[in-house]
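Undergrad: What follows is start.cif, mmCIF, C-alpha atoms.
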data_work
#
loop_
_atom_site.label_atom_id
_atom_site.label_comp_id
_atom_site.auth_asym_id
_atom_site.auth_seq_id
_atom_site.Cartn_x
_atom_site.Cartn_y
_atom_site.Cartn_z
CA MET U 1 1.64 -14.85 -29.93
CA GLU U 2 4.89 -15.96 -28.36
CA VAL U 3 5.17 -19.77 -28.57
CA GLU U 4 7.96 -21.18 -26.45
CA ILE U 5 9.03 -24.55 -25.07
CA LYS U 6 11.53 -24.84 -22.25
CA PHE U 7 14.00 -27.75 -21.98
CA ARG U 8 16.38 -28.72 -19.22
CA VAL U 9 19.81 -29.00 -20.87
CA ASN U 10 23.54 -29.10 -20.42
CA LEU U 11 24.48 -25.63 -21.60
CA GLU U 12 27.84 -26.36 -23.18
CA GLU U 13 26.66 -29.49 -24.97
CA VAL U 14 23.53 -27.95 -26.43
CA ARG U 15 25.38 -24.78 -27.38
CA LYS U 16 27.69 -26.81 -29.62
CA LYS U 17 24.69 -28.47 -31.25
CA ILE U 18 22.94 -25.13 -31.81
CA GLU U 19 26.06 -23.76 -33.46
CA ALA U 20 26.41 -26.92 -35.53
CA LEU U 21 22.85 -26.40 -36.84
CA GLY U 22 24.08 -23.12 -38.34
CA ALA U 23 22.25 -20.83 -35.90
CA LYS U 24 23.69 -17.33 -35.56
CA PHE U 25 24.81 -15.95 -32.21
CA VAL U 26 22.88 -12.72 -31.61
CA ARG U 27 23.74 -11.43 -28.14
CA GLU U 28 24.53 -12.20 -24.54
CA GLU U 29 22.40 -10.81 -21.74
CA ILE U 30 22.90 -10.79 -18.00
CA GLN U 31 19.33 -10.54 -16.77
CA GLU U 32 18.06 -9.74 -13.30
CA ASP U 33 14.28 -10.09 -13.24
CA LEU U 34 12.09 -8.96 -10.38
CA TYR U 35 8.70 -10.67 -10.52
CA PHE U 36 5.58 -9.32 -8.85
CA ALA U 37 2.85 -11.47 -7.38
CA LEU U 38 -0.10 -11.56 -9.77
CA PRO U 39 -3.08 -13.88 -10.15
CA SER U 40 -2.05 -17.05 -11.97
CA LYS U 41 -1.87 -16.95 -15.76
CA GLN U 42 -0.33 -13.48 -15.57
CA LEU U 43 3.27 -12.36 -15.15
CA LEU U 44 4.62 -8.95 -14.34
CA ARG U 45 8.32 -8.27 -14.08
CA ILE U 46 10.96 -5.60 -14.33
CA ARG U 47 14.03 -6.88 -16.14
CA LYS U 48 17.41 -5.33 -15.73
CA ILE U 49 19.77 -6.31 -18.55
CA VAL U 50 22.90 -5.50 -16.64
CA ASN U 51 25.47 -5.76 -19.43
CA LEU U 52 23.41 -3.72 -21.92
CA ASN U 53 22.26 -1.18 -19.33
CA GLU U 54 18.62 -1.66 -20.29
CA VAL U 55 15.47 -1.95 -18.19
CA ILE U 56 12.28 -3.53 -19.53
CA LEU U 57 8.86 -3.72 -17.97
CA GLY U 58 7.16 -6.91 -19.13
CA TYR U 59 3.64 -8.24 -18.81
CA LYS U 60 2.60 -11.70 -20.02
CA GLN U 61 -0.65 -13.55 -20.20
CA ILE U 62 -0.32 -17.32 -20.31
CA LYS U 63 -2.73 -18.74 -22.84
CA ASP U 64 -2.43 -22.49 -22.28
CA GLU U 65 -2.03 -25.16 -19.60
CA ARG U 66 1.60 -26.07 -20.39
CA ASN U 67 3.09 -22.56 -20.21
CA GLU U 68 3.96 -22.62 -23.88
CA GLU U 69 1.76 -19.86 -25.30
CA PHE U 70 2.16 -16.26 -24.21
CA ASP U 71 0.71 -12.90 -25.08
CA GLU U 72 3.57 -10.60 -24.18
CA ILE U 73 3.98 -6.82 -24.03
CA GLU U 74 7.28 -5.23 -23.18
CA VAL U 75 8.27 -1.61 -22.87
CA LYS U 76 11.68 -0.13 -22.14
CA VAL U 77 11.82 2.09 -19.09
CA GLU U 78 14.57 4.43 -18.02
CA ASP U 79 15.08 3.44 -14.41
CA PHE U 80 14.63 0.16 -12.55
CA GLU U 81 14.19 1.56 -9.03
CA LYS U 82 11.65 4.21 -10.02
CA MET U 83 9.56 1.65 -11.90
CA ARG U 84 9.80 -0.65 -8.87
CA ILE U 85 8.58 2.08 -6.51
CA ILE U 86 5.65 2.97 -8.78
CA LEU U 87 4.52 -0.67 -8.94
CA ARG U 88 4.87 -1.06 -5.17
CA ARG U 89 2.87 2.10 -4.51
CA LEU U 90 0.21 0.86 -6.90
CA GLY U 91 -0.12 -2.10 -4.57
CA PHE U 92 1.85 -4.82 -6.34
CA LYS U 93 3.82 -7.14 -4.08
CA GLU U 94 7.28 -8.32 -4.98
CA ASP U 95 7.49 -12.08 -5.42
CA VAL U 96 10.91 -13.44 -6.49
CA TRP U 97 14.10 -12.52 -8.32
CA VAL U 98 15.27 -14.65 -11.23
CA LYS U 99 18.85 -14.04 -12.33
CA LYS U 100 20.32 -15.58 -15.42
CA HIS U 101 23.02 -15.43 -18.00
CA ARG U 102 21.43 -15.72 -21.43
CA TYR U 103 22.95 -16.50 -24.83
CA VAL U 104 20.63 -15.77 -27.73
CA TYR U 105 20.90 -17.56 -31.09
CA LYS U 106 18.72 -17.22 -34.18
CA PHE U 107 18.01 -19.74 -36.91
CA GLY U 108 15.44 -18.50 -39.41
CA ASN U 109 12.32 -17.63 -37.41
CA VAL U 110 13.45 -19.74 -34.45
CA THR U 111 15.04 -18.05 -31.43
CA PHE U 112 17.18 -20.05 -29.01
CA GLU U 113 17.52 -18.62 -25.53
CA LEU U 114 20.18 -20.59 -23.74
CA ASN U 115 19.95 -19.74 -20.04
CA ARG U 116 22.18 -20.42 -17.08
CA VAL U 117 19.79 -19.60 -14.26
CA GLU U 118 21.10 -18.96 -10.74
CA LYS U 119 19.96 -21.66 -8.31
CA LEU U 120 17.94 -23.46 -11.00
CA GLY U 121 20.40 -24.72 -13.62
CA ASP U 122 20.66 -24.63 -17.41
CA PHE U 123 17.70 -24.32 -19.74
CA LEU U 124 17.01 -23.82 -23.40
CA ASP U 125 13.91 -21.89 -24.44
CA ILE U 126 13.05 -22.45 -28.09
CA GLU U 127 10.76 -19.66 -29.24
CA ILE U 128 8.79 -18.60 -32.29
CA LEU U 129 6.57 -15.54 -32.71
CA ALA U 130 3.57 -16.77 -34.70
CA ASP U 131 -0.15 -16.60 -35.21
CA ASN U 132 -0.43 -20.25 -36.15
CA ILE U 133 0.36 -21.93 -32.86
CA GLN U 134 0.31 -25.55 -34.04
CA GLU U 135 2.64 -24.79 -36.91
CA ALA U 136 4.99 -23.00 -34.53
CA LYS U 137 5.00 -25.96 -32.12
CA ASN U 138 5.73 -28.39 -34.94
CA ARG U 139 8.67 -26.26 -35.99
CA ILE U 140 9.92 -25.99 -32.38
CA TRP U 141 9.75 -29.78 -31.96
CA GLU U 142 11.49 -30.40 -35.26
CA THR U 143 14.30 -28.12 -34.06
CA ALA U 144 14.35 -29.66 -30.57
CA ARG U 145 14.70 -33.18 -31.98
CA ALA U 146 17.54 -32.00 -34.20
CA LEU U 147 19.29 -30.99 -30.94
CA GLY U 148 18.62 -34.43 -29.41
CA LEU U 149 15.92 -33.16 -27.05
CA SER U 150 12.73 -35.05 -26.26
CA GLU U 151 9.49 -34.75 -24.27
CA THR U 152 11.30 -35.95 -21.11
CA ASP U 153 13.59 -32.91 -21.25
CA VAL U 154 10.67 -30.45 -21.17
CA GLU U 155 10.41 -28.22 -18.09
CA PRO U 156 6.82 -26.93 -17.99
CA ARG U 157 7.27 -24.68 -14.95
CA LEU U 158 8.00 -20.98 -15.26
CA TYR U 159 11.28 -19.66 -13.83
CA GLN U 160 9.19 -17.65 -11.39
CA GLU U 161 7.43 -20.84 -10.20
CA MET U 162 10.63 -22.86 -9.91
CA THR U 163 12.20 -20.09 -7.85
CA ARG U 164 9.15 -19.81 -5.64
CA GLU U 165 9.40 -23.56 -4.95
CA LEU U 166 12.99 -23.26 -3.68
CA PRO U 167 13.44 -23.25 0.11
CA LYS U 168 13.22 -19.63 1.37
CA TYR U 169 16.83 -19.58 2.58
CA VAL U 170 17.98 -20.49 -0.94
CA GLN U 171 15.73 -17.88 -2.58
CA LYS U 172 17.16 -15.11 -0.44
CA LYS U 173 20.82 -15.95 -0.92
CA MET L 1 8.24 16.74 -1.68
CA GLU L 2 6.74 18.67 -4.57
CA VAL L 3 4.99 21.78 -3.24
CA GLU L 4 2.81 23.48 -5.82
CA ILE L 5 0.04 26.07 -5.91
CA LYS L 6 -2.18 26.48 -8.95
CA PHE L 7 -3.61 29.87 -9.99
CA ARG L 8 -6.15 30.77 -12.62
CA VAL L 9 -4.47 33.41 -14.80
CA ASN L 10 -4.44 35.26 -18.08
CA LEU L 11 -1.51 33.56 -19.79
CA GLU L 12 -0.13 36.49 -21.77
CA GLU L 13 -0.39 38.95 -18.88
CA VAL L 14 1.27 36.71 -16.32
CA ARG L 15 3.94 35.63 -18.78
CA LYS L 16 5.08 39.25 -19.11
CA LYS L 17 5.21 39.58 -15.33
CA ILE L 18 7.20 36.35 -14.96
CA GLU L 19 9.68 37.58 -17.53
CA ALA L 20 9.84 40.98 -15.82
CA LEU L 21 10.78 39.23 -12.54
CA GLY L 22 13.88 37.98 -14.31
CA ALA L 23 12.78 34.33 -14.56
CA LYS L 24 14.50 32.29 -17.28
CA PHE L 25 12.51 30.51 -19.98
CA VAL L 26 13.44 26.82 -19.83
CA ARG L 27 11.28 24.94 -22.35
CA GLU L 28 7.94 24.53 -24.03
CA GLU L 29 6.02 21.27 -23.81
CA ILE L 30 2.93 20.06 -25.60
CA GLN L 31 1.58 17.53 -23.14
CA GLU L 32 -1.10 14.92 -23.64
CA ASP L 33 -1.80 13.18 -20.34
CA LEU L 34 -3.91 10.08 -19.98
CA TYR L 35 -5.10 9.67 -16.40
CA PHE L 36 -6.21 6.36 -14.91
CA ALA L 37 -8.91 6.01 -12.29
CA LEU L 38 -7.30 5.47 -8.89
CA PRO L 39 -8.56 5.82 -5.32
CA SER L 40 -8.54 9.48 -4.29
CA LYS L 41 -5.25 10.99 -3.09
CA GLN L 42 -3.43 9.07 -5.82
CA LEU L 43 -2.75 9.93 -9.45
CA LEU L 44 -1.50 7.71 -12.23
CA ARG L 45 -0.90 9.03 -15.71
CA ILE L 46 1.02 8.47 -18.90
CA ARG L 47 2.28 11.74 -20.32
CA LYS L 48 3.16 12.17 -23.95
CA ILE L 49 5.34 15.25 -24.51
CA VAL L 50 4.53 15.52 -28.17
CA ASN L 51 7.09 18.13 -29.22
CA LEU L 52 10.00 16.48 -27.38
CA ASN L 53 8.96 12.94 -28.35
CA GLU L 54 9.07 11.77 -24.75
CA VAL L 55 6.75 9.53 -22.74
CA ILE L 56 6.66 9.61 -18.94
CA LEU L 57 4.81 7.36 -16.53
CA GLY L 58 3.93 9.36 -13.43
CA TYR L 59 2.53 8.42 -10.05
CA LYS L 60 1.63 10.97 -7.37
CA GLN L 61 0.41 10.76 -3.82
CA ILE L 62 -1.40 13.84 -2.59
CA LYS L 63 -0.30 14.66 0.93
CA ASP L 64 -2.69 17.45 1.95
CA GLU L 65 -6.30 18.64 1.65
CA ARG L 66 -5.64 21.53 -0.75
CA ASN L 67 -3.79 19.57 -3.45
CA GLU L 68 -0.60 21.50 -2.82
CA GLU L 69 1.76 18.80 -1.52
CA PHE L 70 2.75 15.85 -3.66
CA ASP L 71 5.04 12.88 -3.45
CA GLU L 72 5.84 12.26 -7.09
CA ILE L 73 7.72 9.54 -8.98
CA GLU L 74 8.23 9.73 -12.71
CA VAL L 75 9.97 7.36 -15.07
CA LYS L 76 10.55 7.73 -18.80
CA VAL L 77 9.15 4.93 -20.90
CA GLU L 78 9.80 4.16 -24.52
CA ASP L 79 6.31 3.76 -25.89
CA PHE L 80 2.97 5.31 -24.92
CA GLU L 81 0.68 2.64 -26.36
CA LYS L 82 2.56 -0.30 -24.90
CA MET L 83 2.56 1.28 -21.45
CA ARG L 84 -1.15 1.97 -21.85
CA ILE L 85 -1.89 -1.66 -22.74
CA ILE L 86 0.13 -2.98 -19.79
CA LEU L 87 -1.77 -0.73 -17.35
CA ARG L 88 -5.11 -1.73 -18.87
CA ARG L 89 -4.27 -5.43 -18.66
CA LEU L 90 -3.24 -4.94 -15.04
CA GLY L 91 -6.79 -3.76 -14.46
CA PHE L 92 -6.45 0.03 -14.42
CA LYS L 93 -9.33 1.94 -16.00
CA GLU L 94 -8.75 4.99 -18.14
CA ASP L 95 -10.30 8.11 -16.68
CA VAL L 96 -9.68 11.34 -18.65
CA TRP L 97 -7.25 13.03 -21.04
CA VAL L 98 -5.75 16.39 -20.12
CA LYS L 99 -4.05 18.22 -22.99
CA LYS L 100 -2.05 21.35 -22.50
CA HIS L 101 0.55 23.66 -23.88
CA ARG L 102 3.10 24.39 -21.17
CA TYR L 103 5.76 27.10 -20.90
CA VAL L 104 8.30 26.46 -18.17
CA TYR L 105 10.25 29.26 -16.48
CA LYS L 106 12.77 29.08 -13.63
CA PHE L 107 13.68 31.68 -11.05
CA GLY L 108 16.10 30.37 -8.42
CA ASN L 109 14.48 27.30 -6.88
CA VAL L 110 11.01 28.35 -8.09
CA THR L 111 9.55 26.72 -11.20
CA PHE L 112 6.72 28.40 -13.11
CA GLU L 113 4.57 26.15 -15.23
CA LEU L 114 2.36 28.33 -17.36
CA ASN L 115 -0.34 26.13 -18.86
CA ARG L 116 -2.94 26.66 -21.55
CA VAL L 117 -5.18 23.68 -20.89
CA GLU L 118 -7.65 22.51 -23.53
CA LYS L 119 -11.26 23.02 -22.40
CA LEU L 120 -10.16 24.39 -19.00
CA GLY L 121 -8.31 27.66 -19.63
CA ASP L 122 -5.02 29.20 -18.50
CA PHE L 123 -3.25 28.33 -15.27
CA LEU L 124 0.01 29.00 -13.55
CA ASP L 125 1.50 26.33 -11.30
CA ILE L 126 4.19 27.72 -9.03
CA GLU L 127 6.32 24.86 -7.76
CA ILE L 128 9.20 24.22 -5.40
CA LEU L 129 10.88 20.91 -4.56
CA ALA L 130 11.53 21.06 -0.82
CA ASP L 131 11.57 19.18 2.45
CA ASN L 132 10.44 22.19 4.46
CA ILE L 133 6.88 22.60 3.23
CA GLN L 134 6.00 25.78 5.11
CA GLU L 135 9.11 27.54 3.91
CA ALA L 136 8.32 26.47 0.35
CA LYS L 137 4.76 27.77 0.62
CA ASN L 138 5.97 31.11 1.98
CA ARG L 139 8.34 31.43 -0.96
CA ILE L 140 5.59 30.46 -3.43
CA TRP L 141 3.24 33.09 -1.96
CA GLU L 142 5.93 35.75 -1.98
CA THR L 143 6.45 35.01 -5.68
CA ALA L 144 2.71 34.86 -6.40
CA ARG L 145 2.12 38.26 -4.80
CA ALA L 146 4.96 39.70 -6.87
CA LEU L 147 2.95 38.57 -9.91
CA GLY L 148 -0.19 40.25 -8.57
CA LEU L 149 -1.89 36.95 -7.64
CA SER L 150 -3.94 36.44 -4.50
CA GLU L 151 -5.87 33.74 -2.62
CA THR L 152 -8.95 34.37 -4.82
CA ASP L 153 -6.95 33.30 -7.89
CA VAL L 154 -6.10 29.88 -6.42
CA GLU L 155 -7.59 26.85 -8.19
CA PRO L 156 -7.45 23.97 -5.71
CA ARG L 157 -8.79 21.31 -8.08
CA LEU L 158 -6.52 18.99 -10.04
CA TYR L 159 -6.64 19.14 -13.85
CA GLN L 160 -7.93 15.57 -13.75
CA GLU L 161 -10.80 16.61 -11.45
CA MET L 162 -11.70 19.70 -13.46
CA THR L 163 -11.80 17.61 -16.63
CA ARG L 164 -13.92 14.95 -14.96
CA GLU L 165 -16.39 17.66 -13.96
CA LEU L 166 -16.86 18.82 -17.56
CA PRO L 167 -19.99 17.57 -19.32
CA LYS L 168 -19.24 14.22 -21.00
CA TYR L 169 -19.78 15.60 -24.52
CA VAL L 170 -17.14 18.27 -23.86
CA GLN L 171 -14.66 15.75 -22.37
CA LYS L 172 -14.87 13.55 -25.44
CA LYS L 173 -14.47 16.30 -28.04
#
Output the structure of this file as structure tokens.
TA:
Amino acid sequence: MEVEIKFRVNLEEVRKKIEALGAKFVREEIQEDLYFALPSKQLLRIRKIVNLNEVILGYKQIKDERNEEFDEIEVKVEDFEKMRIILRRLGFKEDVWVKKHRYVYKFGNVTFELNRVEKLGDFLDIEILADNIQEAKNRIWETARALGLSETDVEPRLYQEMTRELPKYVQKK
Amino acid sequence: MEVEIKFRVNLEEVRKKIEALGAKFVREEIQEDLYFALPSKQLLRIRKIVNLNEVILGYKQIKDERNEEFDEIEVKVEDFEKMRIILRRLGFKEDVWVKKHRYVYKFGNVTFELNRVEKLGDFLDIEILADNIQEAKNRIWETARALGLSETDVEPRLYQEMTRELPKYVQKK
């Protein structure tokens, strides 16, 4: 299970704190995600990692009410446009694009995904892959507090949802 | 457009004739295809090319009544089982497996796919990628006649259909 909590942050400030914790910088990704419209509690997207020249098809099931617990499967595919056409022909409708610049840090079993998301702002996803969900959440909160983050900084909405809530003329820009 | 006519053949006999035509051997593939149940006139499969360690997701639309004209999109994927789980979770039902040993030959713009298909027998698919369908069919028939094949050797059913028509206990073996 992927356990993840999303916080609204100031990217530069929180980056310094993450580095001060001793977390290791892993990689930078420029991600362009195309989401398809699926029944709620399910996500389907094709992710283009522009700077690494990778394409990943991802499917997630959301397991809780706060969008913190995910069952995720990802598979690399060779070509974004071909995958997009196959999904369209299979009847899936395109929903929204989410584009972000991501900086990934690791500290033990904790992954920090520091995201500058176009049109939405800066976010930090703190993530742990774990079977014991409560233990993972405790560890995430311990880490979050060490970064000065609290319950009021939590953003429970998915990037896909936040984008969908933008005015149409902003979405399309 | 993929234009293709399938003939029931004796593999060793027709292979000699293909080679005698001057066609060039291109590659050998051991294919294990998992087909999903889709409305008719559409095919969805994950193909494992065992000997080349490749996995390809393929989607086809059938454009005619004789299963000779296809609009095909294929994309390489990294992992068979992950792709399979994603399709299952998206609601697609597995239909049948088709396993075959394929020898590919090329002669100009004509591709010969000589297939020994488990449980079904030996087949030759003669294929041309073309926009002008009638011209492609003429060329396929010209080539087929040069190999001694005639209308009575044509097998209009898809491998997926032929497999589905086998008794269940044979399908599962």
Undergrad: Kindly resolve the PyMOL selection byres ((chain L) within 10 of (chain U)) on the present coordinates and return the residues as a ChimeraX atom specification.
TA: /L:38,42-44,55-61,72-83,85-87,89-90
Undergrad: Using C-alpha atoms, can you write the selected residues to a file as a compact mmCIF listing (two decimals), in the coordinates of the input?
TA:
# COMPACT_ATOMS: atom_id res chain seq x y z
CA LEU L 38 -7.30 5.47 -8.89
CA GLN L 42 -3.43 9.07 -5.82
CA LEU L 43 -2.75 9.93 -9.45
CA LEU L 44 -1.50 7.71 -12.23
CA VAL L 55 6.75 9.53 -22.74
CA ILE L 56 6.66 9.61 -18.94
CA LEU L 57 4.81 7.36 -16.53
CA GLY L 58 3.93 9.36 -13.43
CA TYR L 59 2.53 8.42 -10.05
CA LYS L 60 1.63 10.97 -7.37
CA GLN L 61 0.41 10.76 -3.82
CA GLU L 72 5.84 12.26 -7.09
CA ILE L 73 7.72 9.54 -8.98
CA GLU L 74 8.23 9.73 -12.71
CA VAL L 75 9.97 7.36 -15.07
CA LYS L 76 10.55 7.73 -18.80
CA VAL L 77 9.15 4.93 -20.90
CA GLU L 78 9.80 4.16 -24.52
CA ASP L 79 6.31 3.76 -25.89
CA PHE L 80 2.97 5.31 -24.92
CA GLU L 81 0.68 2.64 -26.36
CA LYS L 82 2.56 -0.30 -24.90
CA MET L 83 2.56 1.28 -21.45
CA ILE L 85 -1.89 -1.66 -22.74
CA ILE L 86 0.13 -2.98 -19.79
CA LEU L 87 -1.77 -0.73 -17.35
CA ARG L 89 -4.27 -5.43 -18.66
CA LEU L 90 -3.24 -4.94 -15.04
Undergrad: Hey, which of L:Arg27, L:Arg45, L:Lys16, L:Arg116 ends up closest to L:Arg88? Count all atoms listed in the file.
TA: L:Arg45
Undergrad: Contacts of L:Gly108 at 10 Å or less, counting only C-alpha atoms, minus same-chain residues fewer than 5 places along, as a VMD selection string?
TA: chain L and resid 22 to 24 128
Undergrad: I would like the residues chosen by the PyMOL selection byres ((chain U and resi 139-146) around 9) on the shown file; could you give them as a ChimeraX atom specification?
TA: /U:3-5,7,17,21,110,126-128,134-138,147-150
Undergrad: Here's the selection I'm unsure about, the PyMOL selection byres ((chain L and resi 164) around 12); applied to the file above, which residues does it give, as a VMD selection string?
TA: chain L and resid 35 to 37 94 to 98 119 to 120 157 to 163 165 to 172
Undergrad: How would the residues just picked look written out with C-alpha atoms as a PDB file, keeping the file's coordinate frame?
TA:
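File produced: out_32.pdb:
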ATOM      1  CA  TYR L  35      -5.100   9.670 -16.400  1.00  0.00           C
ATOM      2  CA  PHE L  36      -6.210   6.360 -14.910  1.00  0.00           C
ATOM      3  CA  ALA L  37      -8.910   6.010 -12.290  1.00  0.00           C
ATOM      4  CA  GLU L  94      -8.750   4.990 -18.140  1.00  0.00           C
ATOM      5  CA  ASP L  95     -10.300   8.110 -16.680  1.00  0.00           C
ATOM      6  CA  VAL L  96      -9.680  11.340 -18.650  1.00  0.00           C
ATOM      7  CA  TRP L  97      -7.250  13.030 -21.040  1.00  0.00           C
ATOM      8  CA  VAL L  98      -5.750  16.390 -20.120  1.00  0.00           C
ATOM      9  CA  LYS L 119     -11.260  23.020 -22.400  1.00  0.00           C
ATOM     10  CA  LEU L 120     -10.160  24.390 -19.000  1.00  0.00           C
ATOM     11  CA  ARG L 157      -8.790  21.310  -8.080  1.00  0.00           C
ATOM     12  CA  LEU L 158      -6.520  18.990 -10.040  1.00  0.00           C
ATOM     13  CA  TYR L 159      -6.640  19.140 -13.850  1.00  0.00           C
ATOM     14  CA  GLN L 160      -7.930  15.570 -13.750  1.00  0.00           C
ATOM     15  CA  GLU L 161     -10.800  16.610 -11.450  1.00  0.00           C
ATOM     16  CA  MET L 162     -11.700  19.700 -13.460  1.00  0.00           C
ATOM     17  CA  THR L 163     -11.800  17.610 -16.630  1.00  0.00           C
ATOM     18  CA  GLU L 165     -16.390  17.660 -13.960  1.00  0.00           C
ATOM     19  CA  LEU L 166     -16.860  18.820 -17.560  1.00  0.00           C
ATOM     20  CA  PRO L 167     -19.990  17.570 -19.320  1.00  0.00           C
ATOM     21  CA  LYS L 168     -19.240  14.220 -21.000  1.00  0.00           C
ATOM     22  CA  TYR L 169     -19.780  15.600 -24.520  1.00  0.00           C
ATOM     23  CA  VAL L 170     -17.140  18.270 -23.860  1.00  0.00           C
ATOM     24  CA  GLN L 171     -14.660  15.750 -22.370  1.00  0.00           C
ATOM     25  CA  LYS L 172     -14.870  13.550 -25.440  1.00  0.00           C
TER      26      LYS L 172
END
Undergrad: Provide the atom CA of L:Glu19 to atom CA of L:Leu52 distance in Å, to one decimal place.
TA: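 Those two atoms sit 23.3 Å apart.
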Undergrad: Just to confirm, what's the straight-line distance from atom CA of L:Glu118 to atom CA of L:Asn53 in Å (one decimal)?
TA: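 Result for atom CA of L:Glu118 versus atom CA of L:Asn53: 19.8 Å, one decimal.
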Undergrad: Give me, as a ChimeraX atom specification, all polymer residues having an atom no more than 9 Å from L:Asn10, counting all atoms listed in the file and skipping those fewer than 6 positions away in the same chain.
TA: /L:121-124
Undergrad: In Å to one decimal, how far is atom CA of U:Val117 from atom CA of U:Arg8?
TA: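 Going from atom CA of U:Arg8 over to atom CA of U:Val117, I get 10.9 Å.
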Undergrad: Counting only C-alpha atoms, figure out which residue out of L:Ser40, L:Asp33, L:Leu114, L:Tyr103 gets nearest to L:Asn67.
TA: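 Residue with the minimum atom-to-atom distance to L:Asn67: L:Ser40.
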Undergrad: Restricting the calculation to only C-alpha atoms, which member of L:Asn109, L:Asn132, L:Asn115, L:Gln31 is positioned closest to L:Glu12?
TA: L:Asn115
Undergrad: Counting only C-alpha atoms, what is within 12 Å of L:Asn51, bar same-chain residues fewer than 6 positions away, as a ChimeraX atom specification?
TA: /L:27-32,100-102
Undergrad: Working from the structure I just supplied, which lacks atoms in stretch 31-49 of chain U, can you model N, CA and C atoms there and output them as a PDB file, in the frame of the given file?
TA:
ATOM      1  N   GLN U  31      20.668 -11.025 -17.133  1.00  0.00           N
ATOM      2  CA  GLN U  31      19.330 -10.540 -16.770  1.00  0.00           C
ATOM      3  C   GLN U  31      19.062 -10.702 -15.286  1.00  0.00           C
ATOM      4  N   GLU U  32      18.525  -9.657 -14.680  1.00  0.00           N
ATOM      5  CA  GLU U  32      18.060  -9.740 -13.300  1.00  0.00           C
ATOM      6  C   GLU U  32      16.591  -9.334 -13.309  1.00  0.00           C
ATOM      7  N   ASP U  33      15.728 -10.316 -13.116  1.00  0.00           N
ATOM      8  CA  ASP U  33      14.280 -10.090 -13.240  1.00  0.00           C
ATOM      9  C   ASP U  33      13.635 -10.067 -11.867  1.00  0.00           C
ATOM     10  N   LEU U  34      12.879  -9.024 -11.609  1.00  0.00           N
ATOM     11  CA  LEU U  34      12.090  -8.960 -10.380  1.00  0.00           C
ATOM     12  C   LEU U  34      10.630  -9.217 -10.754  1.00  0.00           C
ATOM     13  N   TYR U  35      10.086 -10.323 -10.240  1.00  0.00           N
ATOM     14  CA  TYR U  35       8.700 -10.670 -10.520  1.00  0.00           C
ATOM     15  C   TYR U  35       7.785 -10.165  -9.414  1.00  0.00           C
ATOM     16  N   PHE U  36       6.604  -9.739  -9.814  1.00  0.00           N
ATOM     17  CA  PHE U  36       5.580  -9.320  -8.850  1.00  0.00           C
ATOM     18  C   PHE U  36       4.527 -10.411  -8.757  1.00  0.00           C
ATOM     19  N   ALA U  37       3.881 -10.465  -7.595  1.00  0.00           N
ATOM     20  CA  ALA U  37       2.850 -11.470  -7.380  1.00  0.00           C
ATOM     21  C   ALA U  37       1.580 -11.030  -8.103  1.00  0.00           C
ATOM     22  N   LEU U  38       1.128 -11.862  -9.029  1.00  0.00           N
ATOM     23  CA  LEU U  38      -0.100 -11.560  -9.770  1.00  0.00           C
ATOM     24  C   LEU U  38      -0.973 -12.806  -9.757  1.00  0.00           C
ATOM     25  N   PRO U  39      -2.266 -12.664 -10.034  1.00  0.00           N
ATOM     26  CA  PRO U  39      -3.080 -13.880 -10.150  1.00  0.00           C
ATOM     27  C   PRO U  39      -2.460 -14.798 -11.189  1.00  0.00           C
ATOM     28  N   SER U  40      -2.701 -16.104 -11.048  1.00  0.00           N
ATOM     29  CA  SER U  40      -2.050 -17.050 -11.970  1.00  0.00           C
ATOM     30  C   SER U  40      -2.473 -16.731 -13.403  1.00  0.00           C
ATOM     31  N   LYS U  41      -1.667 -17.216 -14.333  1.00  0.00           N
ATOM     32  CA  LYS U  41      -1.870 -16.950 -15.760  1.00  0.00           C
ATOM     33  C   LYS U  41      -1.449 -15.539 -16.171  1.00  0.00           C
ATOM     34  N   GLN U  42      -0.864 -14.798 -15.226  1.00  0.00           N
ATOM     35  CA  GLN U  42      -0.330 -13.480 -15.570  1.00  0.00           C
ATOM     36  C   GLN U  42       1.047 -13.312 -14.931  1.00  0.00           C
ATOM     37  N   LEU U  43       1.933 -12.666 -15.679  1.00  0.00           N
ATOM     38  CA  LEU U  43       3.270 -12.360 -15.150  1.00  0.00           C
ATOM     39  C   LEU U  43       3.535 -10.871 -15.279  1.00  0.00           C
ATOM     40  N   LEU U  44       4.177 -10.343 -14.270  1.00  0.00           N
ATOM     41  CA  LEU U  44       4.620  -8.950 -14.340  1.00  0.00           C
ATOM     42  C   LEU U  44       6.029  -8.901 -13.777  1.00  0.00           C
ATOM     43  N   ARG U  45       6.931  -8.331 -14.557  1.00  0.00           N
ATOM     44  CA  ARG U  45       8.320  -8.270 -14.080  1.00  0.00           C
ATOM     45  C   ARG U  45       9.011  -7.024 -14.592  1.00  0.00           C
ATOM     46  N   ILE U  46      10.020  -6.613 -13.826  1.00  0.00           N
ATOM     47  CA  ILE U  46      10.960  -5.600 -14.330  1.00  0.00           C
ATOM     48  C   ILE U  46      12.270  -6.325 -14.568  1.00  0.00           C
ATOM     49  N   ARG U  47      12.765  -6.222 -15.773  1.00  0.00           N
ATOM     50  CA  ARG U  47      14.030  -6.880 -16.140  1.00  0.00           C
ATOM     51  C   ARG U  47      15.136  -5.852 -16.305  1.00  0.00           C
ATOM     52  N   LYS U  48      16.206  -6.134 -15.572  1.00  0.00           N
ATOM     53  CA  LYS U  48      17.410  -5.330 -15.730  1.00  0.00           C
ATOM     54  C   LYS U  48      18.353  -6.140 -16.604  1.00  0.00           C
ATOM     55  N   ILE U  49      18.757  -5.620 -17.748  1.00  0.00           N
ATOM     56  CA  ILE U  49      19.770  -6.310 -18.550  1.00  0.00           C
ATOM     57  C   ILE U  49      21.078  -5.600 -18.235  1.00  0.00           C
TER      58      ILE U  49
END
